[in-house]
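*Asks:* So I've got this file, data-v5.txt, and it contains compact mmCIF, C-alpha atoms:
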# COMPACT_ATOMS: atom_id res chain seq x y z
CA MET A 1 29.66 -27.69 -23.41
CA THR A 2 27.93 -24.48 -22.40
CA TRP A 3 30.37 -23.15 -19.81
CA HIS A 4 33.62 -21.63 -21.05
CA ALA A 5 36.48 -20.00 -19.24
CA ASP A 6 36.37 -16.31 -20.13
CA ALA A 7 39.30 -14.63 -21.83
CA SER A 8 40.54 -12.75 -18.76
CA LEU A 9 40.49 -15.91 -16.62
CA LEU A 10 42.49 -17.77 -19.28
CA ALA A 11 44.92 -14.84 -19.58
CA ARG A 12 45.48 -14.78 -15.83
CA TYR A 13 45.90 -18.56 -15.81
CA ALA A 14 48.52 -18.35 -18.57
CA ALA A 15 50.32 -15.59 -16.70
CA GLY A 16 50.33 -17.71 -13.54
CA SER A 17 48.53 -15.05 -11.57
CA ILE A 18 45.50 -16.91 -10.23
CA ASP A 19 45.28 -19.04 -7.11
CA ASP A 20 45.69 -22.80 -7.19
CA ALA A 21 42.01 -23.63 -6.81
CA ARG A 22 40.98 -21.49 -9.77
CA ALA A 23 43.95 -22.74 -11.79
CA SER A 24 42.88 -26.32 -11.10
CA SER A 25 39.38 -25.48 -12.22
CA VAL A 26 40.73 -24.03 -15.49
CA GLU A 27 42.96 -27.06 -16.00
CA ALA A 28 40.10 -29.50 -15.47
CA HIS A 29 38.07 -27.57 -18.04
CA LEU A 30 40.93 -27.38 -20.57
CA VAL A 31 41.18 -31.16 -20.64
CA ALA A 32 37.59 -31.36 -21.86
CA CYS A 33 37.24 -28.22 -24.01
CA ALA A 34 38.99 -27.81 -27.35
CA ASP A 35 37.75 -24.23 -27.78
CA CYS A 36 39.34 -23.04 -24.55
CA ARG A 37 42.51 -24.99 -25.35
CA GLN A 38 42.73 -23.06 -28.59
CA ALA A 39 41.97 -19.79 -26.84
CA VAL A 40 44.75 -20.33 -24.32
CA ALA A 41 47.17 -21.47 -27.04
CA THR A 42 47.57 -17.91 -28.31
CA THR A 43 49.25 -16.90 -25.05
CA VAL A 44 52.18 -19.26 -25.54
CA ASP A 45 55.22 -17.98 -27.44
CA THR A 46 55.17 -19.53 -30.92
CA THR A 47 58.97 -19.48 -31.35
CA ARG A 48 59.23 -21.55 -28.18
CA LEU A 49 56.64 -24.02 -29.49
CA ASP A 50 58.37 -24.21 -32.87
CA ALA A 51 61.71 -24.89 -31.19
CA ILE A 52 60.24 -27.78 -29.19
CA TRP A 53 58.56 -29.16 -32.32
CA ALA A 54 61.91 -29.09 -34.14
CA GLU A 55 63.44 -31.12 -31.28
CA VAL A 56 60.54 -33.58 -31.44
CA THR A 57 61.01 -34.21 -35.17
CA ASP A 58 64.78 -34.48 -34.74
CA THR A 59 64.37 -37.11 -32.03
CA VAL A 60 61.83 -39.14 -33.98
CA ASP A 61 63.83 -38.96 -37.22
CA ALA A 62 67.14 -39.96 -35.63
CA PRO A 63 67.85 -43.68 -36.01
CA ARG A 64 67.27 -45.47 -32.73
CA PRO A 65 70.32 -47.29 -31.40
CA ARG A 66 69.99 -51.05 -31.64
CA LEU A 67 69.44 -53.24 -28.60
CA VAL A 68 73.12 -54.21 -28.25
CA GLU A 69 74.21 -50.58 -28.45
CA ARG A 70 71.69 -49.41 -25.87
CA PHE A 71 72.76 -52.23 -23.56
CA LEU A 72 76.45 -51.30 -23.95
CA ARG A 73 75.69 -47.65 -23.16
CA ARG A 74 73.64 -48.68 -20.17
CA ILE A 75 76.58 -50.59 -18.69
CA GLY A 76 78.83 -47.57 -19.14
CA VAL A 77 80.58 -48.10 -22.49
CA ARG A 78 81.30 -44.77 -24.18
CA ASP A 79 79.04 -43.84 -27.11
CA HIS A 80 81.49 -44.15 -30.00
CA VAL A 81 82.91 -47.44 -28.73
CA ALA A 82 79.38 -48.76 -28.22
CA ARG A 83 78.44 -47.83 -31.79
CA LEU A 84 81.55 -49.52 -33.26
CA LEU A 85 81.06 -52.63 -31.11
CA ALA A 86 77.37 -52.86 -31.94
CA ALA A 87 78.23 -52.79 -35.65
CA THR A 88 80.30 -55.97 -35.24
CA PRO A 89 78.68 -58.46 -37.64
CA SER A 90 79.08 -61.40 -35.28
CA LEU A 91 77.42 -59.53 -32.43
CA ARG A 92 74.16 -59.34 -34.38
CA LEU A 93 71.29 -61.02 -32.66
CA SER A 94 70.53 -63.26 -35.66
CA TRP A 95 74.11 -64.52 -35.75
CA LEU A 96 74.24 -65.17 -32.01
CA LEU A 97 70.88 -66.95 -32.03
CA ALA A 98 71.87 -69.17 -34.94
CA MET A 99 75.15 -70.09 -33.25
CA THR A 100 73.51 -70.88 -29.93
CA ALA A 101 70.75 -72.89 -31.56
CA SER A 102 73.20 -75.08 -33.47
CA LEU A 103 75.30 -75.57 -30.36
CA VAL A 104 72.26 -76.59 -28.31
CA PHE A 105 71.38 -79.15 -30.98
CA VAL A 106 74.92 -80.53 -30.93
CA ALA A 107 74.80 -80.75 -27.15
CA ALA A 108 71.41 -82.42 -27.15
CA ALA A 109 72.57 -84.85 -29.84
CA ALA A 110 75.28 -86.05 -27.45
CA SER A 111 72.63 -87.99 -25.57
CA GLU A 112 71.66 -89.93 -28.70
CA GLY A 113 74.85 -91.93 -29.23
CA SER A 114 77.59 -92.22 -26.67
CA ARG A 115 77.38 -90.61 -23.25
CA GLN A 116 80.43 -88.55 -24.08
CA PRO A 117 79.74 -85.10 -25.54
CA VAL A 118 82.75 -85.17 -27.84
CA LEU A 119 81.02 -83.40 -30.72
CA PHE A 120 79.96 -80.56 -28.42
CA LEU A 121 83.50 -80.22 -27.10
CA VAL A 122 84.88 -80.03 -30.62
CA VAL A 123 82.33 -77.48 -31.85
CA ALA A 124 82.00 -75.18 -28.81
CA PRO A 125 85.58 -73.76 -28.99
CA LEU A 126 85.07 -73.03 -32.69
CA LEU A 127 82.16 -70.70 -31.92
CA PRO A 128 84.32 -67.78 -30.72
CA VAL A 129 86.84 -68.49 -33.50
CA ALA A 130 84.11 -68.06 -36.11
CA GLY A 131 82.75 -65.05 -34.26
CA VAL A 132 86.10 -63.28 -34.14
CA ALA A 133 86.75 -64.03 -37.82
CA GLY A 134 83.33 -62.55 -38.55
CA ALA A 135 84.21 -59.47 -36.52
CA PHE A 136 87.39 -59.01 -38.55
CA ALA A 137 86.43 -59.87 -42.09
CA SER A 138 85.99 -56.72 -44.13
CA ALA A 139 83.45 -58.47 -46.38
CA PHE A 140 80.90 -58.67 -43.53
CA ASP A 141 81.63 -55.38 -41.83
CA PRO A 142 79.19 -52.57 -42.68
CA THR A 143 81.42 -50.00 -40.97
CA TYR A 144 84.65 -51.18 -42.62
CA GLU A 145 85.40 -47.93 -44.46
CA LEU A 146 84.23 -45.87 -41.50
CA ALA A 147 86.35 -47.78 -39.03
CA THR A 148 89.41 -47.55 -41.26
CA ALA A 149 89.04 -43.78 -41.43
CA ALA A 150 88.11 -43.37 -37.75
CA PRO A 151 90.60 -41.60 -35.46
CA MET A 152 91.02 -44.80 -33.49
CA SER A 153 93.63 -47.50 -33.80
CA ASN A 154 92.37 -50.38 -35.93
CA VAL A 155 94.12 -52.88 -33.71
CA ARG A 156 92.38 -51.47 -30.68
CA LEU A 157 89.02 -51.72 -32.40
CA LEU A 158 89.70 -55.26 -33.57
CA LEU A 159 90.80 -56.40 -30.13
CA LEU A 160 87.82 -54.68 -28.52
CA ARG A 161 85.50 -56.45 -30.90
CA ALA A 162 87.30 -59.75 -30.47
CA ALA A 163 86.98 -59.44 -26.69
CA ALA A 164 83.29 -58.58 -26.90
CA VAL A 165 82.62 -61.47 -29.29
CA MET A 166 84.60 -63.89 -27.17
CA ALA A 167 82.79 -62.86 -24.02
CA THR A 168 79.33 -63.25 -25.55
CA THR A 169 80.01 -66.48 -27.43
CA THR A 170 81.68 -68.03 -24.39
CA LEU A 171 78.66 -67.10 -22.32
CA LEU A 172 76.32 -68.61 -24.93
CA ALA A 173 78.40 -71.80 -25.21
CA GLY A 174 78.32 -72.02 -21.44
CA LEU A 175 74.53 -71.79 -21.49
CA ALA A 176 74.33 -74.35 -24.29
CA ALA A 177 76.39 -76.73 -22.16
CA PHE A 178 73.35 -77.11 -19.93
CA ALA A 179 71.71 -79.03 -22.76
CA LEU A 180 74.34 -81.78 -22.32
CA PRO A 181 72.99 -85.07 -21.00
CA VAL A 182 75.57 -85.32 -18.21
CA LEU A 183 76.89 -82.27 -16.40
CA ASP A 184 80.41 -83.17 -15.26
CA TRP A 185 83.90 -81.81 -15.97
CA THR A 186 83.39 -82.33 -19.71
CA ALA A 187 80.77 -79.57 -19.74
CA ALA A 188 83.56 -77.05 -19.11
CA ALA A 189 86.44 -78.79 -20.90
CA TRP A 190 85.98 -76.57 -23.97
CA LEU A 191 86.83 -73.35 -22.15
CA LEU A 192 90.62 -73.40 -22.42
CA PRO A 193 90.61 -74.79 -25.98
CA SER A 194 88.20 -72.01 -26.86
CA LEU A 195 90.56 -69.33 -25.56
CA GLY A 196 93.60 -70.99 -27.17
CA LEU A 197 91.97 -71.42 -30.58
CA THR A 198 90.64 -67.87 -30.67
CA LEU A 199 93.99 -66.33 -29.80
CA ALA A 200 95.73 -68.65 -32.27
CA SER A 201 93.38 -67.53 -35.03
CA LEU A 202 94.07 -63.89 -34.11
CA ALA A 203 97.82 -64.51 -34.21
CA LEU A 204 97.53 -66.28 -37.57
CA ALA A 205 95.50 -63.36 -38.88
CA THR A 206 98.68 -61.28 -38.76
CA TRP A 207 99.82 -63.38 -41.76
CA LEU A 208 96.60 -64.60 -43.37
CA THR A 209 93.14 -63.13 -43.93
CA PRO A 210 90.86 -63.59 -40.88
CA GLU A 211 88.71 -66.13 -42.72
CA ALA A 212 91.72 -68.22 -43.77
CA ALA A 213 93.20 -68.02 -40.28
CA ALA A 214 89.95 -69.24 -38.71
CA GLY A 215 89.67 -72.05 -41.26
CA ALA A 216 93.24 -73.18 -40.68
CA VAL A 217 92.81 -73.17 -36.90
CA ALA A 218 89.54 -75.09 -37.13
CA ALA A 219 91.06 -77.71 -39.43
CA ALA A 220 94.11 -78.09 -37.18
CA TRP A 221 91.90 -78.41 -34.09
CA ILE A 222 89.74 -81.15 -35.58
CA ALA A 223 92.83 -83.00 -36.81
CA VAL A 224 94.41 -82.87 -33.33
CA VAL A 225 91.24 -84.14 -31.61
CA VAL A 226 90.81 -87.01 -34.09
CA ALA A 227 94.49 -87.97 -34.05
CA SER A 228 94.81 -87.99 -30.25
CA ALA A 229 91.55 -89.93 -29.92
CA GLY A 230 92.91 -92.57 -32.30
CA ALA A 231 96.30 -92.77 -30.62
CA ALA A 232 95.02 -93.05 -27.04
CA ASP A 233 91.87 -95.03 -27.90
CA ASP A 234 89.85 -92.46 -25.95
CA ARG A 235 87.45 -90.14 -27.72
CA LEU A 236 88.13 -87.41 -25.16
CA ALA A 237 91.91 -87.76 -25.19
CA ALA A 238 92.47 -84.20 -26.36
CA PHE A 239 90.53 -82.77 -23.40
CA HIS A 240 92.51 -84.43 -20.58
CA ALA A 241 95.33 -82.78 -18.65
CA ALA A 242 97.89 -82.89 -21.44
CA GLY A 243 95.48 -81.32 -23.88
CA GLN A 244 94.52 -78.57 -21.45
CA VAL A 245 98.19 -77.78 -20.81
CA GLY A 246 98.68 -77.67 -24.58
CA CYS A 247 95.92 -75.08 -24.74
CA VAL A 248 97.62 -72.94 -22.11
CA VAL A 249 100.82 -73.07 -24.17
CA ALA A 250 98.84 -72.11 -27.27
CA VAL A 251 97.36 -69.14 -25.40
CA ALA A 252 100.81 -67.96 -24.28
CA VAL A 253 102.46 -68.37 -27.69
CA SER A 254 99.57 -66.72 -29.53
CA ALA A 255 99.47 -63.80 -27.12
CA LEU A 256 103.18 -63.29 -27.60
CA VAL A 257 102.87 -63.40 -31.40
CA LEU A 258 99.94 -61.03 -31.24
CA VAL A 259 101.84 -58.47 -29.16
CA ARG A 260 104.93 -58.67 -31.38
CA ARG A 261 103.10 -58.54 -34.70
CA ARG A 262 100.11 -56.36 -33.88
CA ALA A 263 101.23 -53.76 -36.40
CA ALA A 264 100.71 -56.33 -39.17
CA LEU A 265 97.05 -56.50 -38.18
CA GLU A 266 96.75 -52.79 -38.75
CA VAL A 267 98.40 -52.93 -42.19
CA ARG A 268 96.42 -55.98 -43.32
CA ARG A 269 93.15 -54.36 -42.45
CA ALA A 270 93.87 -51.05 -44.06
CA LEU A 271 94.80 -52.73 -47.35
CA MET B 1 35.81 -32.75 -29.22
CA GLY B 2 39.04 -31.28 -30.45
CA THR B 3 37.85 -29.94 -33.78
CA SER B 4 38.16 -26.20 -33.37
CA ASP B 5 40.84 -25.63 -36.03
CA ASP B 6 40.44 -25.83 -39.80
CA ASP B 7 40.93 -29.57 -39.80
CA GLY B 8 37.67 -31.40 -39.14
CA ARG B 9 39.23 -34.50 -37.67
CA THR B 10 38.97 -35.32 -33.97
CA ASP B 11 42.05 -35.92 -31.83
CA ALA B 12 41.33 -39.65 -31.82
CA GLN B 13 41.19 -39.68 -35.64
CA LEU B 14 44.46 -37.77 -35.78
CA LEU B 15 46.06 -40.37 -33.50
CA GLY B 16 44.90 -43.05 -35.90
CA ALA B 17 46.54 -41.15 -38.76
CA VAL B 18 49.75 -40.82 -36.72
CA ALA B 19 49.74 -44.59 -36.24
CA ASP B 20 49.63 -44.88 -40.05
CA GLY B 21 52.66 -42.60 -40.28
CA ALA B 22 51.02 -39.26 -41.12
CA ARG B 23 53.45 -36.54 -40.10
CA SER B 24 51.00 -33.71 -40.74
CA ALA B 25 48.50 -35.28 -38.32
CA MET B 26 51.21 -35.35 -35.66
CA HIS B 27 52.01 -31.69 -36.25
CA LEU B 28 48.34 -30.78 -35.95
CA LEU B 29 48.07 -32.72 -32.67
CA TYR B 30 51.12 -30.87 -31.43
CA ARG B 31 49.62 -27.49 -32.34
CA ARG B 32 46.42 -28.37 -30.53
CA HIS B 33 47.95 -29.79 -27.37
CA ALA B 34 51.46 -28.42 -26.84
CA PRO B 35 50.40 -24.91 -25.69
CA TRP B 36 48.19 -25.92 -22.78
CA LEU B 37 50.69 -28.62 -21.83
CA VAL B 38 53.43 -25.96 -21.62
CA LEU B 39 51.22 -23.80 -19.38
CA ARG B 40 50.06 -26.61 -17.15
CA LEU B 41 53.59 -27.97 -16.67
CA SER B 42 54.88 -24.46 -15.99
CA ARG B 43 52.58 -24.23 -12.97
CA ARG B 44 54.38 -27.26 -11.55
CA CYS B 45 57.95 -26.59 -12.62
CA ALA B 46 59.79 -23.29 -12.36
CA ASP B 47 62.47 -24.27 -14.87
CA PRO B 48 61.33 -23.50 -18.45
CA GLY B 49 64.17 -25.63 -19.79
CA LEU B 50 62.83 -28.69 -18.02
CA VAL B 51 59.28 -27.87 -19.16
CA ASP B 52 60.47 -27.77 -22.78
CA GLU B 53 62.26 -31.09 -22.34
CA VAL B 54 59.17 -32.70 -20.84
CA VAL B 55 56.90 -31.39 -23.62
CA GLN B 56 59.37 -32.72 -26.17
CA ASP B 57 59.55 -36.15 -24.49
CA THR B 58 55.79 -36.30 -24.23
CA PHE B 59 55.16 -35.68 -27.93
CA VAL B 60 57.96 -38.05 -28.94
CA ALA B 61 56.17 -40.69 -26.83
CA VAL B 62 52.82 -39.84 -28.46
CA TRP B 63 54.39 -40.09 -31.91
CA ARG B 64 56.07 -43.43 -31.23
CA ARG B 65 53.16 -45.07 -29.48
CA PRO B 66 49.87 -43.51 -30.56
CA GLY B 67 48.24 -46.87 -29.79
CA GLY B 68 48.76 -46.14 -26.10
CA TYR B 69 45.53 -44.14 -26.27
CA ARG B 70 42.81 -46.69 -25.56
CA GLY B 71 40.11 -44.89 -27.53
CA THR B 72 38.07 -43.80 -24.52
CA GLY B 73 38.15 -40.47 -22.72
CA GLU B 74 39.82 -37.24 -23.76
CA VAL B 75 43.04 -37.42 -25.76
CA ALA B 76 44.14 -34.37 -23.74
CA ALA B 77 43.79 -36.34 -20.50
CA TRP B 78 45.92 -39.13 -21.95
CA ILE B 79 48.58 -36.62 -23.06
CA TRP B 80 48.59 -35.01 -19.61
CA GLY B 81 49.07 -38.44 -18.05
CA ILE B 82 52.21 -38.93 -20.13
CA GLY B 83 53.42 -35.38 -19.52
CA VAL B 84 53.08 -35.30 -15.74
CA ARG B 85 54.86 -38.64 -15.42
CA ARG B 86 57.72 -37.39 -17.60
CA LEU B 87 57.90 -34.34 -15.34
CA ILE B 88 58.21 -36.60 -12.31
CA ASP B 89 61.01 -38.48 -14.10
CA GLY B 90 62.69 -35.14 -14.79
CA PHE B 91 62.49 -34.16 -11.12
CA ARG B 92 63.95 -37.53 -10.14
CA ARG B 93 66.94 -36.90 -12.42
CA GLN B 94 67.42 -33.34 -11.15
CA PRO B 95 65.74 -32.79 -7.78
CA ALA B 96 67.12 -29.25 -7.63
CA ARG B 97 64.79 -28.12 -10.43
CA ARG B 98 61.59 -28.80 -8.52
CA LEU B 99 59.27 -25.84 -7.97
CA PRO B 100 59.32 -24.68 -4.38
CA LEU B 101 55.92 -25.39 -2.83
CA VAL B 102 55.48 -21.90 -1.49
CA ASP B 103 56.35 -18.94 -3.65
CA ALA B 104 57.67 -16.24 -1.39
CA ASN B 105 56.81 -13.45 -3.84
CA GLU B 106 53.17 -14.37 -4.14
CA PRO B 107 50.85 -12.13 -2.09
CA VAL B 108 49.01 -14.60 0.13
CA PRO B 109 45.83 -13.52 1.92
CA SER B 110 45.79 -14.56 5.54
CA ALA B 111 44.65 -18.09 6.28
CA GLU B 112 41.90 -16.95 8.63
CA GLU B 113 40.46 -14.73 5.95
CA GLN B 114 40.38 -17.59 3.50
CA VAL B 115 38.81 -20.03 5.93
CA LEU B 116 36.13 -17.53 6.83
CA LEU B 117 35.38 -16.89 3.17
CA GLY B 118 35.26 -20.60 2.45
CA VAL B 119 32.89 -21.36 5.30
CA GLU B 120 30.64 -18.45 4.46
CA HIS B 121 30.16 -19.32 0.80
CA GLY B 122 30.66 -23.06 1.12
CA ASP B 123 32.62 -22.92 -2.13
CA LEU B 124 35.27 -25.41 -3.15
CA ALA B 125 37.74 -22.76 -4.27
CA GLY B 126 37.65 -21.04 -0.91
CA ALA B 127 37.89 -24.34 0.90
CA LEU B 128 40.87 -25.40 -1.19
CA ASN B 129 42.57 -22.06 -0.76
CA SER B 130 42.09 -22.22 2.99
CA LEU B 131 44.34 -25.25 3.17
CA SER B 132 48.02 -24.73 3.85
CA PRO B 133 50.08 -24.65 0.64
CA GLU B 134 51.65 -28.03 1.49
CA LEU B 135 48.26 -29.65 1.98
CA ARG B 136 46.77 -27.98 -1.07
CA ALA B 137 49.62 -29.23 -3.25
CA VAL B 138 48.89 -32.80 -2.19
CA VAL B 139 45.14 -32.47 -2.83
CA GLN B 140 45.89 -30.99 -6.22
CA ALA B 141 48.33 -33.72 -7.22
CA THR B 142 46.20 -36.64 -6.10
CA VAL B 143 42.63 -35.47 -6.70
CA LEU B 144 42.98 -33.11 -9.66
CA ASP B 145 46.08 -34.43 -11.46
CA GLY B 146 45.06 -38.02 -10.90
CA LEU B 147 48.41 -39.16 -9.58
CA THR B 148 48.94 -42.00 -7.14
CA THR B 149 50.24 -40.98 -3.71
CA ARG B 150 53.66 -42.37 -4.68
CA GLU B 151 53.78 -40.28 -7.86
CA ALA B 152 52.46 -37.22 -6.04
CA GLY B 153 55.24 -37.67 -3.52
CA ARG B 154 57.80 -37.64 -6.31
CA LEU B 155 56.23 -34.62 -7.96
CA LEU B 156 56.27 -32.66 -4.71
CA GLY B 157 59.52 -34.06 -3.39
CA ILE B 158 58.11 -35.59 -0.22
CA PRO B 159 58.14 -39.22 0.92
CA PRO B 160 54.93 -41.18 0.08
CA GLY B 161 54.08 -41.77 3.73
CA THR B 162 54.06 -38.04 4.43
CA ASP B 163 51.86 -37.54 1.41
CA LYS B 164 49.21 -39.95 2.66
CA THR B 165 49.24 -38.36 6.11
CA ARG B 166 48.79 -34.90 4.60
CA MET B 167 45.90 -36.14 2.46
CA MET B 168 44.19 -37.61 5.50
CA ARG B 169 44.63 -34.31 7.28
CA ALA B 170 43.20 -32.42 4.29
CA LYS B 171 39.94 -34.35 4.06
CA PRO B 172 38.35 -33.33 7.39
CA LEU B 173 39.59 -29.76 6.90
CA LEU B 174 37.96 -29.55 3.49
CA ARG B 175 34.75 -31.11 4.73
CA GLU B 176 34.65 -28.64 7.59
CA ALA B 177 35.20 -25.73 5.23
CA LEU B 178 32.50 -26.85 2.82
CA VAL B 179 29.70 -27.59 5.27
Mind converting the file's structure to structure tokens?
*Replies:*
Amino acid sequence: MTWHADASLLARYAAGSIDDARASSVEAHLVACADCRQAVATTVDTTRLDAIWAEVTDTVDAPRPRLVERFLRRIGVRDHVARLLAATPSLRLSWLLAMTASLVFVAAAASEGSRQPVLFLVVAPLLPVAGVAGAFASAFDPTYELATAAPMSNVRLLLLRAAAVMATTTLLAGLAAFALPVLDWTAAAWLLPSLGLTLASLALATWLTPEAAAGAVAAAWIAVVVASAGAADDRLAAFHAAGQVGCVVAVAVSALVLVRRRAALEVRRAL
Amino acid sequence: MGTSDDDGRTDAQLLGAVADGARSAMHLLYRRHAPWLVLRLSRRCADPGLVDEVVQDTFVAVWRRPGGYRGTGEVAAWIWGIGVRRLIDGFRRQPARRLPLVDANEPVPSAEEQVLLGVEHGDLAGALNSLSPELRAVVQATVLDGLTTREAGRLLGIPPGTDKTRMMRAKPLLREALV
């Protein structure tokens, strides 16, 4: 490059005291000429440049929020709540994917044998139960110590997490239901049991550890389904009207227990 | 091409080093390109705070995605492309911080004088300067900054339709001034 902007032109450009046409000419040249870029660089305040560079390194070095956390912030959840929710073990993408995949397989397998998706209906309500237990269990929680020391009620955090896990797992189970061979009322018959079982496991967790509570609820659920199927000679007996009403009762009782004994949840977790 | 400091590497080579995680290469790129970017953005934005933010965003983007440079053309042109678009985003967030098109304090020679000068010498600068400030801003944004009419509209705070109309008005005026 033989042409260069002379020093006074560059100085006037930097000071903003030349007309637009000449400024554009300088700018077009600066894009192509490293020497003039360096010449003009001396006119910019170095403390200002250093301050911007410090911000750049800070931004790049800061850990980037994970996908779940960014999504939560986008939909208006406050930062600290988003961080605590995103740290929920059973809201991790790997966990959710694994759960959905197994549920889809169960649903698809329903077409193999009978036309009735009984296995899917038994497993789908257990998904949020497992998820909530995972959200509670201190062994899986990377923020356990942090959350215990945080100026936020443990019960509130646990219920927030439980609600978030229930919402996502219910959504995923709902999507998995589309893999069922027949889409009729049975594709939604797991919804109330799901709510009942999850609340029951939460209520039980005021006495037992979350893992034990989830295990007990799961065992009881499978026993009820098998027993009622045997008694009524109908594999779906537990999902008919009586069963659904039973679930509503379970929801009510569990909610009541949860409200009365919520303090126990706090103590258990802090121990 | 971008080798006027002690380091012998070109900008493109530095970008390659940044992709491999070399922090010092990123700092060198910043020292080469941040100053002119500050100046060029300052001509389009009166708020130094916003300029700083945009420069910061731009170099964070360069650092995170050095592969965005396709290997052809000037690295400076690529950086400017990122920077001016970040500036437009900044204006969209805070429209109040946009630079007024006409600076009332600037001594402006009369339009007739400029047109006469432009016609006499047939020079581009005179022709450009003879345009009204509104028209000149559009020519600058689309022709010299390489923005689309939509982006130019956002930069200047005018609807895209208006922008196209102004551009169409500018062309015959410029031609007239240059012939």
*Asks:* Chain B near chain A within 8 Å: what's each residue's closest atom pair and its distance in Å to one decimal, counting only C-alpha atoms, ordered by chain then ascending residue number, as a tab-separated table?
*Replies:*
residue	atom	partner	partner_atom	distance
B:Met1	CA	A:Ala34	CA	6.2
B:Gly2	CA	A:Ala34	CA	4.7
B:Thr3	CA	A:Ala34	CA	6.9
B:Ser4	CA	A:Asp35	CA	5.9
B:Tyr30	CA	A:Trp53	CA	7.7
B:Arg32	CA	A:Gln38	CA	6.8
B:His33	CA	A:Arg37	CA	7.5
B:Ala34	CA	A:Leu49	CA	7.3
B:Pro35	CA	A:Ala41	CA	4.9
B:Trp36	CA	A:Ala41	CA	6.2
B:Val38	CA	A:Val44	CA	7.9
B:Leu39	CA	A:Ala14	CA	6.1
B:Arg40	CA	A:Glu27	CA	7.2
B:Arg43	CA	A:Gly16	CA	6.9
B:Asp52	CA	A:Ile52	CA	6.4
B:Glu53	CA	A:Ile52	CA	7.9
B:Val55	CA	A:Ile52	CA	7.4
B:Gln56	CA	A:Val56	CA	5.5
B:Asp57	CA	A:Val56	CA	7.5
B:Phe59	CA	A:Val56	CA	6.8
B:Val60	CA	A:Val56	CA	5.7
B:Trp63	CA	A:Val60	CA	7.8
B:Arg64	CA	A:Val60	CA	7.7
B:Glu74	CA	A:Ala32	CA	6.6
B:Ala76	CA	A:Val31	CA	5.4
B:Ala77	CA	A:Val31	CA	5.8
B:Leu124	CA	A:Ala21	CA	7.9
B:Ala125	CA	A:Ala21	CA	5.0
B:Gly126	CA	A:Ala21	CA	7.8
B:Leu128	CA	A:Ala21	CA	6.0
B:Asn129	CA	A:Ala21	CA	6.3
B:Gln140	CA	A:Ser24	CA	7.4
B:Leu144	CA	A:Ser24	CA	6.9
*Asks:* Can you work out the spacing between atom CA of B:Leu131 and atom CA of B:Leu174 in Å, to one decimal?
*Replies:* 7.7 Å
*Asks:* Just checking: using all atoms listed in the file, which residue out of A:Leu10, A:Leu192, A:Val106, A:Ala164 ends up closest to A:Val245?
*Replies:*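 Among A:Leu10, A:Leu192, A:Val106, A:Ala164, it is A:Leu192 that comes nearest to A:Val245.
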*Asks:* By how many Å are atom CA of A:Val224 and atom CA of A:Leu97 apart?
*Replies:* 28.4 Å
*Asks:* So how many Å separate atom CA of B:Val18 and atom CA of B:Ile88, to one decimal?
*Replies:*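 These atoms are spaced 26.2 Å apart.
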*Asks:* Determine, counting only C-alpha atoms, which protein, DNA and RNA residues have an atom within 6 Å of an atom of B:Pro66; residues of the same chain fewer than 4 positions away are not included. Present the result as number ranges by chain.
*Replies:* B: 15, 19, 62
*Asks:* Write a file of the just-selected residues containing C-alpha atoms, as a tab-separated table (two decimals), in the coordinates of the input.
*Replies:*
chain	number	residue	atom	x	y	z
B	15	LEU	CA	46.06	-40.37	-33.50
B	19	ALA	CA	49.74	-44.59	-36.24
B	62	VAL	CA	52.82	-39.84	-28.46
*Asks:* Within 9 Å of B:Arg150, counting all atoms listed in the file, which residues show up once you throw out same-chain ones fewer than 3 positions away? Write them as a PyMOL selection string, please.
*Replies:* chain B and resi 147+153-155+159-161+163-164
*Asks:* Would you mind listing what lies within 8 Å of A:Leu85 as a PyMOL selection string, with all atoms listed in the file counted and same-chain residues fewer than 2 positions away left out?
*Replies:* chain A and resi 69+81-83+87-88+91+160-161+164
*Asks:* Selection from above, C-alpha atoms, as a short mmCIF file (atom, residue, chain, number, x, y, z; two decimals), in the frame of the given file, can you write it?
*Replies:*
data_model
loop_
_atom_site.label_atom_id
_atom_site.label_comp_id
_atom_site.auth_asym_id
_atom_site.auth_seq_id
_atom_site.Cartn_x
_atom_site.Cartn_y
_atom_site.Cartn_z
CA GLU A 69 74.21 -50.58 -28.45
CA VAL A 81 82.91 -47.44 -28.73
CA ALA A 82 79.38 -48.76 -28.22
CA ARG A 83 78.44 -47.83 -31.79
CA ALA A 87 78.23 -52.79 -35.65
CA THR A 88 80.30 -55.97 -35.24
CA LEU A 91 77.42 -59.53 -32.43
CA LEU A 160 87.82 -54.68 -28.52
CA ARG A 161 85.50 -56.45 -30.90
CA ALA A 164 83.29 -58.58 -26.90
#
*Asks:* Find the spatial neighbours of A:Leu191, counting only C-alpha atoms, within a cut-off of 10 Å - ignore same-chain residues fewer than 3 positions away - and output them as a compact mmCIF listing (two decimals) with C-alpha atoms, keeping the file's coordinate frame.
*Replies:*
# COMPACT_ATOMS: atom_id res chain seq x y z
CA LEU A 121 83.50 -80.22 -27.10
CA ALA A 124 82.00 -75.18 -28.81
CA PRO A 125 85.58 -73.76 -28.99
CA THR A 170 81.68 -68.03 -24.39
CA ALA A 173 78.40 -71.80 -25.21
CA GLY A 174 78.32 -72.02 -21.44
CA THR A 186 83.39 -82.33 -19.71
CA ALA A 187 80.77 -79.57 -19.74
CA ALA A 188 83.56 -77.05 -19.11
CA SER A 194 88.20 -72.01 -26.86
CA LEU A 195 90.56 -69.33 -25.56
CA GLY A 196 93.60 -70.99 -27.17
CA GLN A 244 94.52 -78.57 -21.45
CA CYS A 247 95.92 -75.08 -24.74
